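Here is final_34.cif, consisting of mmCIF, C-alpha atoms:
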data_final
loop_
_atom_site.label_atom_id
_atom_site.label_comp_id
_atom_site.auth_asym_id
_atom_site.auth_seq_id
_atom_site.Cartn_x
_atom_site.Cartn_y
_atom_site.Cartn_z
CA MET A 1 -4.47 44.18 61.72
CA ALA A 2 -6.30 40.92 61.19
CA ALA A 3 -9.12 42.15 63.38
CA LEU A 4 -9.93 44.84 60.85
CA GLY A 5 -9.58 42.65 57.77
CA TRP A 6 -13.30 42.10 57.34
CA LEU A 7 -13.98 45.82 56.85
CA THR A 8 -14.31 46.97 53.25
CA PRO A 9 -12.81 50.38 52.33
CA ARG A 10 -16.28 51.93 52.19
CA ARG A 11 -17.24 50.63 55.62
CA ARG A 12 -14.09 51.63 57.47
CA SER A 13 -14.72 54.45 59.88
CA ALA A 14 -12.14 57.15 60.50
CA THR A 15 -11.27 55.43 63.78
CA ALA A 16 -10.81 52.07 62.08
CA ARG A 17 -8.57 53.64 59.46
CA SER A 18 -6.47 55.26 62.19
CA VAL A 19 -6.12 51.92 63.97
CA LEU A 20 -5.18 50.23 60.68
CA ALA A 21 -2.58 52.90 59.93
CA GLY A 22 -1.16 52.65 63.44
CA GLU A 23 -0.98 48.86 63.43
CA ALA A 24 0.48 48.78 59.91
CA SER A 25 3.20 51.21 60.92
CA ALA A 26 4.02 49.34 64.12
CA GLU A 27 4.16 46.03 62.25
CA ALA A 28 6.39 47.49 59.54
CA ALA A 29 8.80 48.87 62.12
CA ARG A 30 8.98 45.74 64.27
CA LYS A 31 9.41 43.27 61.42
CA SER A 32 12.67 44.63 60.09
CA THR A 33 14.26 46.71 62.85
CA GLN A 34 17.61 45.40 64.06
CA GLU A 35 18.00 47.29 67.32
CA GLU A 36 21.25 47.67 69.23
CA GLN A 37 21.16 48.70 72.87
CA HIS A 38 23.33 51.60 74.08
CA GLN A 39 24.41 51.27 77.71
CA ALA A 40 26.42 54.42 78.48
CA PRO A 41 26.03 55.79 82.04
CA GLU A 42 24.10 59.01 82.50
CA GLU A 43 25.43 62.01 84.38
CA GLU A 44 23.43 63.45 87.24
CA GLY A 45 21.60 66.74 86.61
CA ALA A 46 19.59 69.27 88.53
CA GLU A 47 16.28 67.51 87.93
CA PRO A 48 15.48 63.93 89.03
CA GLN A 49 17.47 61.59 86.87
CA PHE A 50 15.65 61.01 83.61
CA PRO A 51 15.79 58.95 81.50
CA VAL A 52 16.31 56.21 84.06
CA PRO A 53 19.32 54.08 83.09
CA GLY A 54 18.57 50.44 82.41
CA ASP A 55 14.77 50.79 82.47
CA ALA A 56 13.89 48.18 79.85
CA LEU A 57 10.18 48.94 80.14
CA ALA A 58 10.68 52.53 78.97
CA ALA A 59 11.20 53.96 75.50
CA ALA A 60 11.01 57.35 73.77
CA PHE A 61 8.87 58.42 70.83
CA PHE A 62 9.83 61.48 68.78
CA ASP A 63 7.78 63.33 66.22
CA LEU A 64 9.93 64.30 63.22
CA ASP A 65 8.93 67.53 61.47
CA ASN A 66 9.90 70.63 63.49
CA THR A 67 10.64 68.41 66.50
CA VAL A 68 13.73 66.53 65.35
CA MET A 69 14.17 68.36 62.04
CA GLN A 70 13.68 71.97 61.03
CA GLY A 71 10.79 72.13 58.57
CA ALA A 72 8.98 69.35 56.77
CA SER A 73 10.94 66.22 55.84
CA LEU A 74 8.60 65.54 52.92
CA PHE A 75 9.52 68.89 51.39
CA HIS A 76 13.25 68.14 51.60
CA PHE A 77 12.61 64.70 50.12
CA GLY A 78 10.64 66.36 47.33
CA ARG A 79 13.55 68.69 46.59
CA GLY A 80 15.79 65.67 46.16
CA LEU A 81 13.33 63.93 43.87
CA TYR A 82 12.94 67.07 41.78
CA LYS A 83 16.72 67.26 41.39
CA ARG A 84 16.55 63.71 40.03
CA LYS A 85 13.80 64.60 37.51
CA PHE A 86 11.00 62.72 39.27
CA PHE A 87 8.53 65.54 38.66
CA GLU A 88 8.12 68.97 37.09
CA THR A 89 8.70 72.53 38.29
CA ARG A 90 5.03 73.22 39.11
CA ASP A 91 5.07 70.36 41.59
CA LEU A 92 8.17 71.78 43.27
CA ALA A 93 6.40 75.13 43.60
CA ARG A 94 3.57 73.36 45.42
CA PHE A 95 6.04 71.70 47.79
CA ALA A 96 7.71 75.09 48.38
CA TRP A 97 4.39 76.72 49.29
CA GLN A 98 3.55 73.96 51.73
CA GLN A 99 6.98 74.27 53.35
CA ALA A 100 6.66 78.06 53.61
CA TRP A 101 3.28 77.71 55.31
CA PHE A 102 4.61 75.10 57.70
CA ARG A 103 7.56 77.26 58.74
CA LEU A 104 5.74 80.58 58.97
CA ALA A 105 2.46 79.43 60.48
CA GLY A 106 4.13 76.89 62.76
CA LEU A 107 1.32 74.36 62.32
CA GLU A 108 0.25 71.46 60.15
CA ASP A 109 -2.58 72.36 57.80
CA PRO A 110 -4.67 69.25 56.96
CA GLU A 111 -5.34 70.41 53.39
CA HIS A 112 -1.67 71.08 52.74
CA MET A 113 -0.72 67.72 54.26
CA GLN A 114 -3.24 65.85 52.11
CA ASP A 115 -2.08 67.68 49.01
CA ALA A 116 1.54 66.86 49.77
CA ARG A 117 0.66 63.22 50.45
CA ASP A 118 -1.32 62.86 47.23
CA SER A 119 1.47 64.49 45.25
CA ALA A 120 4.07 62.20 46.77
CA LEU A 121 2.00 59.08 46.10
CA SER A 122 1.50 60.00 42.46
CA ILE A 123 5.21 60.74 42.08
CA VAL A 124 6.43 57.42 43.47
CA LYS A 125 3.75 55.22 41.88
CA GLY A 126 5.43 52.57 39.76
CA HIS A 127 8.86 53.07 41.30
CA ARG A 128 10.58 50.37 43.29
CA VAL A 129 10.82 50.60 47.06
CA ALA A 130 14.55 49.80 46.97
CA GLU A 131 15.14 52.66 44.55
CA LEU A 132 13.45 55.21 46.81
CA MET A 133 15.30 53.94 49.88
CA SER A 134 18.64 54.32 48.11
CA ILE A 135 17.78 57.81 46.91
CA GLY A 136 16.60 58.70 50.41
CA GLU A 137 20.11 58.08 51.76
CA GLU A 138 21.52 60.60 49.28
CA ILE A 139 18.80 63.15 50.01
CA TYR A 140 19.45 62.93 53.73
CA ASP A 141 23.06 63.99 53.19
CA GLU A 142 22.09 66.73 50.73
CA TYR A 143 19.20 68.42 52.54
CA MET A 144 18.36 66.91 55.92
CA ALA A 145 21.48 66.27 58.00
CA GLU A 146 22.18 69.96 58.62
CA ARG A 147 18.56 70.60 59.67
CA ILE A 148 18.51 68.28 62.68
CA TRP A 149 17.81 70.24 65.88
CA PRO A 150 20.90 69.68 68.09
CA GLY A 151 18.86 70.07 71.28
CA THR A 152 16.33 67.40 70.31
CA ARG A 153 19.14 65.17 69.09
CA ALA A 154 20.70 65.42 72.56
CA LEU A 155 17.40 64.39 74.17
CA ALA A 156 17.19 61.31 71.95
CA GLN A 157 20.80 60.43 72.71
CA ALA A 158 20.10 60.65 76.43
CA HIS A 159 17.50 57.88 76.06
CA LEU A 160 19.89 55.78 73.98
CA ASP A 161 22.65 56.26 76.53
CA ALA A 162 20.23 55.10 79.23
CA GLY A 163 19.79 51.85 77.30
CA GLN A 164 16.30 52.68 76.00
CA LYS A 165 14.85 52.32 72.53
CA VAL A 166 14.06 55.50 70.60
CA TRP A 167 11.53 55.63 67.79
CA LEU A 168 10.57 58.31 65.29
CA VAL A 169 6.79 58.59 64.92
CA THR A 170 5.80 60.67 61.92
CA ALA A 171 3.20 61.26 59.24
CA ALA A 172 6.06 61.32 56.74
CA PRO A 173 6.51 58.23 54.54
CA VAL A 174 8.13 55.42 56.47
CA GLU A 175 11.03 55.24 54.01
CA ILE A 176 12.01 58.84 54.86
CA ALA A 177 11.67 58.15 58.57
CA THR A 178 13.68 54.95 58.16
CA VAL A 179 16.65 56.74 56.65
CA ILE A 180 16.63 59.47 59.29
CA ALA A 181 16.31 56.98 62.16
CA ARG A 182 19.18 54.91 60.82
CA ARG A 183 21.44 57.90 60.29
CA LEU A 184 20.76 59.23 63.78
CA GLY A 185 21.42 55.84 65.34
CA LEU A 186 17.85 55.47 66.63
CA THR A 187 16.07 52.18 67.12
CA GLY A 188 13.58 52.54 64.30
CA ALA A 189 10.70 54.49 62.83
CA LEU A 190 6.94 54.49 62.59
CA GLY A 191 5.63 56.33 59.55
CA THR A 192 2.89 56.43 56.97
CA VAL A 193 2.96 53.15 55.07
CA ALA A 194 2.61 53.23 51.30
CA GLU A 195 1.27 50.09 49.68
CA SER A 196 3.65 48.10 47.51
CA VAL A 197 3.22 44.92 45.52
CA ASP A 198 6.28 42.91 44.57
CA GLY A 199 8.45 45.79 45.72
CA VAL A 200 6.71 48.41 43.56
CA TYR A 201 4.57 51.29 44.86
CA THR A 202 0.91 51.15 43.89
CA GLY A 203 0.13 54.80 44.66
CA LYS A 204 -2.12 53.86 47.60
CA LEU A 205 -1.73 53.89 51.36
CA VAL A 206 -2.17 51.16 53.96
CA GLY A 207 -4.87 52.70 56.14
CA GLU A 208 -4.60 56.45 56.79
CA PRO A 209 -1.54 58.71 57.14
CA LEU A 210 0.16 58.32 60.52
CA HIS A 211 -1.19 61.58 61.87
CA GLY A 212 -3.00 62.64 65.03
CA PRO A 213 -4.90 59.70 66.59
CA ALA A 214 -3.17 57.24 64.24
CA LYS A 215 0.16 58.08 65.87
CA ALA A 216 -1.26 57.23 69.26
CA GLU A 217 -2.55 53.92 67.89
CA ALA A 218 0.87 53.13 66.43
CA VAL A 219 2.63 53.85 69.72
CA ARG A 220 0.05 51.82 71.65
CA ALA A 221 0.46 48.86 69.28
CA LEU A 222 4.26 49.00 69.39
CA ALA A 223 4.31 49.31 73.17
CA ALA A 224 2.08 46.24 73.50
CA ALA A 225 4.26 44.23 71.13
CA GLU A 226 7.48 45.34 72.86
CA GLY A 227 6.16 44.89 76.39
CA LEU A 228 6.66 48.55 77.30
CA ASP A 229 5.07 50.40 80.19
CA LEU A 230 3.73 53.61 78.64
CA SER A 231 3.63 55.33 82.03
CA ARG A 232 7.44 55.07 82.02
CA CYS A 233 7.86 56.16 78.41
CA ALA A 234 8.47 59.63 76.98
CA ALA A 235 7.08 61.34 73.88
CA TYR A 236 8.21 64.53 72.16
CA SER A 237 6.35 66.71 69.64
CA ASP A 238 5.89 70.28 68.42
CA SER A 239 2.25 69.96 67.33
CA HIS A 240 -1.11 70.01 69.08
CA ASN A 241 -2.10 67.31 66.61
CA ASP A 242 0.09 64.96 68.62
CA ILE A 243 -1.66 65.53 71.94
CA PRO A 244 -3.19 62.01 71.70
CA MET A 245 0.31 60.51 71.50
CA LEU A 246 1.74 62.78 74.17
CA SER A 247 -1.15 61.94 76.49
CA LEU A 248 -0.37 58.22 76.28
CA VAL A 249 2.96 58.43 78.07
CA GLY A 250 4.06 59.33 81.55
CA HIS A 251 6.66 61.84 80.34
CA PRO A 252 5.27 64.13 77.59
CA TYR A 253 7.43 66.94 76.21
CA ALA A 254 6.43 69.89 74.04
CA ILE A 255 9.36 70.65 71.72
CA ASN A 256 9.29 73.90 69.70
CA PRO A 257 5.54 73.88 70.39
CA ASP A 258 2.84 75.58 68.36
CA SER A 259 0.58 77.94 70.30
CA LYS A 260 -2.13 75.35 70.98
CA LEU A 261 0.32 72.75 72.26
CA ARG A 262 2.15 75.33 74.37
CA LYS A 263 -1.10 76.33 76.07
CA HIS A 264 -2.12 72.70 76.58
CA ALA A 265 1.30 71.74 77.93
CA ARG A 266 1.39 74.62 80.40
CA GLY A 267 -2.06 73.72 81.64
CA LEU A 268 -0.94 70.16 82.41
CA ASP A 269 2.55 71.10 83.60
CA TRP A 270 4.25 69.22 80.77
CA ARG A 271 7.89 70.02 80.13
CA LEU A 272 8.64 72.45 77.30
CA ARG A 273 11.80 72.89 75.25
CA ASP A 274 12.19 75.50 72.51
CA TYR A 275 15.31 75.35 70.35
CA ARG A 276 14.16 77.84 67.73
CA THR A 277 15.38 80.95 69.57
CA GLY A 278 18.91 79.82 70.30
CA ARG A 279 18.27 79.75 74.04
CA LYS A 280 20.45 77.35 75.96
CA ALA A 281 18.75 73.99 76.30
CA ALA A 282 17.44 73.22 79.76
CA LYS A 283 18.68 70.21 81.67
CA VAL A 284 16.85 66.93 81.32
CA GLY A 285 18.54 64.49 83.67
CA ILE A 286 21.90 65.25 81.99
CA PRO A 287 23.11 68.58 80.63
CA ALA A 288 21.18 68.88 77.38
CA ALA A 289 24.27 70.38 75.78
CA ALA A 290 25.92 66.97 76.03
CA GLY A 291 25.86 65.43 72.63
CA VAL A 292 24.73 68.64 70.91
CA GLY A 293 25.50 68.46 67.24
CA ALA A 294 26.38 64.79 67.45
CA VAL A 295 24.86 62.55 64.85
CA ALA A 296 25.40 59.04 66.13
CA GLY A 297 25.89 56.25 63.67
CA GLY A 298 26.41 52.53 63.84
CA THR A 299 22.94 51.30 64.78
CA ALA A 300 21.28 49.75 61.77
CA ALA A 301 17.55 50.43 61.93
CA ALA A 302 16.23 49.27 58.59
CA ILE A 303 12.47 49.40 58.33
CA ALA A 304 11.00 47.85 55.17
CA LEU A 305 7.71 49.12 53.77
CA HIS A 306 4.71 47.02 54.69
CA LYS A 307 3.56 44.96 51.70
CA ARG A 308 -0.13 44.28 51.48
CA ARG A 309 -1.16 41.02 49.89
CA ARG A 310 -2.92 41.17 46.57
#

What's the structure tokens form of this structure?
Amino acid sequence: MAALGWLTPRRRSATARSVLAGEASAEAARKSTQEEQHQAPEEEGAEPQFPVPGDALAAAFFDLDNTVMQGASLFHFGRGLYKRKFFETRDLARFAWQQAWFRLAGLEDPEHMQDARDSALSIVKGHRVAELMSIGEEIYDEYMAERIWPGTRALAQAHLDAGQKVWLVTAAPVEIATVIARRLGLTGALGTVAESVDGVYTGKLVGEPLHGPAKAEAVRALAAAEGLDLSRCAAYSDSHNDIPMLSLVGHPYAINPDSKLRKHARGLDWRLRDYRTGRKAAKVGIPAAAGVGAVAGGTAAAIALHKRRR
């Protein structure tokens, strides 16, 4: 991030802002993650064994919304905040419309995403980071836990059982991603970083939202810091917006893909998994049914929000 420090906000290009967002997210995740390696043996499946047990140079990166979780995590978080009187009914109606669009259209609309982001920033401005993290734990139990896709959860567990690190990579606020990663027993999370000063939200972001190219930058930065070989890593997403991230790794997967990603994935012979229709999950190294419905606990993956200096 230091390399971009000389740029003023007006002079930052879109690319520079994506790099800043990616590096900020990677730094936030690495600084406070306390990872715990899982070393369970993997059963042999019909396809070549993957993930490869004990491959310390490999890791897995999972998008969150509609890949790991049904619907938009920010909407569920908003429901919880509304229940706790953080904002008024008209704001909830806006969140509901954005969620309905996301579920029915099956894609991420940039205008809706920006509106949701701006709403969330205005809602949390002035609140303490610790307060939102604590509330996030409650909201996970109330609205999110039952919406985790069992098939995707099994894929993540396969990487953990192979002794690999597993990261969420999402445009959602990093505090939401942090809670979900911790509760699923994942290594950590990369998410959009909200600025805080002395533990209080300022209502601004560090860089841009972790979306599209910024996700790829975050994964690239984390891989460099962790000494990973991206050609041996895997990435999972439902959205064509994540093609830059999926293209970075040697094992890209389209999960519950939108039409554009499905077409792109088929053209490049990427693996596809669709858990929305109730079809039996295909094998991925181990029977994908193994671990279905399991929500592993025990791995603390606390990611603090990145604090920009005054």

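By chain and then residue number, the residues within 7 Å of His76 (chain A) are A:Ala72, A:Ser73, A:Arg79, A:Gly80, A:Tyr143, A:Met144, counting all atoms listed in the file and disregarding those fewer than 3 positions away in sequence.
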
Tell me which residues the PyMOL selection byres ((chain A and resi 179) around 8) grabs here, as an mmCIF file with C-alpha atoms, in the frame of the given file.
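For reference, selection_11.cif as written:
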data_model
loop_
_atom_site.group_PDB
_atom_site.id
_atom_site.type_symbol
_atom_site.label_atom_id
_atom_site.label_comp_id
_atom_site.auth_asym_id
_atom_site.auth_seq_id
_atom_site.Cartn_x
_atom_site.Cartn_y
_atom_site.Cartn_z
ATOM 1 C CA MET A 133 15.300 53.940 49.880
ATOM 2 C CA GLY A 136 16.600 58.700 50.410
ATOM 3 C CA GLU A 137 20.110 58.080 51.760
ATOM 4 C CA TYR A 140 19.450 62.930 53.730
ATOM 5 C CA GLU A 175 11.030 55.240 54.010
ATOM 6 C CA ILE A 176 12.010 58.840 54.860
ATOM 7 C CA ALA A 177 11.670 58.150 58.570
ATOM 8 C CA THR A 178 13.680 54.950 58.160
ATOM 9 C CA ILE A 180 16.630 59.470 59.290
ATOM 10 C CA ALA A 181 16.310 56.980 62.160
ATOM 11 C CA ARG A 182 19.180 54.910 60.820
ATOM 12 C CA ARG A 183 21.440 57.900 60.290
ATOM 13 C CA ALA A 302 16.230 49.270 58.590
#

Could you state which residues are captured by the PyMOL selection byres ((chain A and resi 148) around 6) in this file, as a list in words? Val68, Met69, Ala145, Glu146, Arg147 and Trp149 of chain A

Find the spatial neighbours of Trp167 (chain A), counting only C-alpha atoms, within a cut-off of 10 Å - ignore same-chain residues fewer than 5 positions away - and output them as a list of chain:residue names. A:Ala29, A:Ala59, A:Ala60, A:Phe61, A:Phe62, A:Asp63, A:Leu64, A:Ala156, A:Ala177, A:Thr178, A:Ala181, A:Leu186, A:Thr187, A:Gly188, A:Ala189, A:Leu190, A:Val219, A:Leu222, A:Ala235, A:Ala301

Just the residues within 10 Å of Ala223 (chain A), please, counting only C-alpha atoms, with nothing from its chain fewer than 5 positions along; format it as a ChimeraX atom specification. /A:26,57-59,217-218,228-230,233

Correct to one decimal, the distance CA of Ala221 (chain A)-CA of Glu195 (chain A) is 19.7 Å

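Of the listed residues A:Gly22, A:Thr67, A:Val124, A:Ser134, the one whose atoms come nearest to Thr152 (chain A) is A:Thr67, with distances taken using all atoms listed in the file.
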
What are the centre and the three edge lengths of an axis-aligned box that wraps all atoms of region 201-215 of chain A in the file, given that 5 Å is added to every side, written as AutoDock Vina command-line options and rounded to one decimal in Å?
--center_x -0.2 --center_y 56.9 --center_z 55.2 --size_x 19.5 --size_y 21.5 --size_z 32.7

Tell me which protein, DNA and RNA residues are within 10 Å of Gly212 (chain A), counting all atoms listed in the file, leaving out same-chain ones fewer than 3 positions away, and put them as number ranges by chain. A: 18, 170-171, 209, 215-217, 239-245

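Checking A:Ala254, A:Gly151, A:Ile139, A:Phe50 one by one against Arg276 (chain A), counting all atoms listed in the file, you find the shortest gap at A:Gly151.
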
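Atom pair CA of Glu226 (chain A) / CA of His264 (chain A): separated by 29.2 Å.
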
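Picture a line from CA of Asp269 (chain A) to CA of Gln49 (chain A); it runs 18.0 Å.
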
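For the residues A:Ala130, A:Ile123, A:Val52, A:Leu81, ranking by smallest atom-to-atom distance to Gly203 (chain A) using all atoms listed in the file places A:Ile123 first.
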
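Counting only C-alpha atoms and comparing A:Leu168, A:Ile135, A:Leu184, A:Ala194, the residue that lies closest to Ala154 (chain A) is A:Leu184.
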
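Minimum atom-to-atom distance to Val129 (chain A), evaluated using all atoms listed in the file, belongs to A:Val193 out of A:Leu74, A:Val166, A:Ala158, A:Val193.
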
List as a PDB file with C-alpha atoms, keeping the file's coordinate frame: which residues have an atom within 9 Å of (8.6, 65.3, 81.9), counting all atoms listed in the file?
ATOM      1  CA  PHE A  50      15.650  61.010  83.610  1.00  0.00           C
ATOM      2  CA  ALA A 234       8.470  59.630  76.980  1.00  0.00           C
ATOM      3  CA  GLY A 250       4.060  59.330  81.550  1.00  0.00           C
ATOM      4  CA  HIS A 251       6.660  61.840  80.340  1.00  0.00           C
ATOM      5  CA  PRO A 252       5.270  64.130  77.590  1.00  0.00           C
ATOM      6  CA  TYR A 253       7.430  66.940  76.210  1.00  0.00           C
ATOM      7  CA  ASP A 269       2.550  71.100  83.600  1.00  0.00           C
ATOM      8  CA  TRP A 270       4.250  69.220  80.770  1.00  0.00           C
ATOM      9  CA  ARG A 271       7.890  70.020  80.130  1.00  0.00           C
ATOM     10  CA  LEU A 272       8.640  72.450  77.300  1.00  0.00           C
ATOM     11  CA  VAL A 284      16.850  66.930  81.320  1.00  0.00           C
TER      12      VAL A 284
END

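For the set A:Gly185, A:Asn66, A:Pro173, A:Gly227, the residue with the smallest atom-to-atom gap to Glu208 (chain A) is A:Pro173, counting all atoms listed in the file.
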
Completed region 246-263 of chain A (N, CA, C and O atoms) as a CSV table (one decimal), in the coordinates of the input:
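Wrote it out as out14.csv, contents follow:
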chain,number,residue,atom,x,y,z
A,246,LEU,N,1.1,62.3,73.0
A,246,LEU,CA,1.7,62.8,74.2
A,246,LEU,C,1.0,62.4,75.4
A,246,LEU,O,1.6,62.1,76.5
A,247,SER,N,-0.3,62.3,75.3
A,247,SER,CA,-1.2,61.9,76.5
A,247,SER,C,-1.0,60.5,76.9
A,247,SER,O,-1.4,60.1,78.0
A,248,LEU,N,-0.5,59.6,76.0
A,248,LEU,CA,-0.4,58.2,76.3
A,248,LEU,C,0.7,57.9,77.3
A,248,LEU,O,0.7,56.9,78.0
A,249,VAL,N,1.8,58.8,77.3
A,249,VAL,CA,3.0,58.4,78.1
A,249,VAL,C,3.0,59.2,79.4
A,249,VAL,O,2.3,60.2,79.6
A,250,GLY,N,3.9,58.7,80.2
A,250,GLY,CA,4.1,59.3,81.6
A,250,GLY,C,5.0,60.6,81.5
A,250,GLY,O,5.0,61.3,82.5
A,251,HIS,N,5.7,60.7,80.4
A,251,HIS,CA,6.7,61.8,80.3
A,251,HIS,C,6.5,62.5,79.0
A,251,HIS,O,7.3,62.3,78.1
A,252,PRO,N,5.5,63.4,78.9
A,252,PRO,CA,5.3,64.1,77.6
A,252,PRO,C,6.1,65.4,77.6
A,252,PRO,O,6.2,66.1,78.6
A,253,TYR,N,6.6,65.7,76.4
A,253,TYR,CA,7.4,66.9,76.2
A,253,TYR,C,6.9,67.7,75.0
A,253,TYR,O,6.7,67.1,73.9
A,254,ALA,N,6.8,69.0,75.2
A,254,ALA,CA,6.4,69.9,74.0
A,254,ALA,C,7.7,70.5,73.5
A,254,ALA,O,8.4,71.3,74.3
A,255,ILE,N,8.1,70.2,72.3
A,255,ILE,CA,9.4,70.6,71.7
A,255,ILE,C,9.0,71.7,70.6
A,255,ILE,O,8.3,71.3,69.7
A,256,ASN,N,9.6,72.9,70.7
A,256,ASN,CA,9.3,73.9,69.7
A,256,ASN,C,7.8,74.0,69.5
A,256,ASN,O,7.3,74.0,68.3
A,257,PRO,N,7.0,74.1,70.5
A,257,PRO,CA,5.5,73.9,70.4
A,257,PRO,C,4.8,75.0,69.6
A,257,PRO,O,5.2,76.2,69.7
A,258,ASP,N,3.8,74.6,68.9
A,258,ASP,CA,2.8,75.6,68.4
A,258,ASP,C,2.0,76.2,69.5
A,258,ASP,O,2.1,75.7,70.6
A,259,SER,N,1.3,77.2,69.2
A,259,SER,CA,0.6,77.9,70.3
A,259,SER,C,-0.4,77.1,71.1
A,259,SER,O,-0.5,77.1,72.3
A,260,LYS,N,-1.1,76.2,70.3
A,260,LYS,CA,-2.1,75.4,71.0
A,260,LYS,C,-1.5,74.3,71.9
A,260,LYS,O,-1.9,74.1,73.0
A,261,LEU,N,-0.4,73.7,71.4
A,261,LEU,CA,0.3,72.8,72.3
A,261,LEU,C,1.0,73.4,73.5
A,261,LEU,O,0.9,72.9,74.6
A,262,ARG,N,1.5,74.6,73.3
A,262,ARG,CA,2.2,75.3,74.4
A,262,ARG,C,1.1,75.6,75.5
A,262,ARG,O,1.4,75.4,76.7
A,263,LYS,N,-0.1,76.1,75.1
A,263,LYS,CA,-1.1,76.3,76.1
A,263,LYS,C,-1.5,75.1,76.8
A,263,LYS,O,-1.7,75.0,78.0
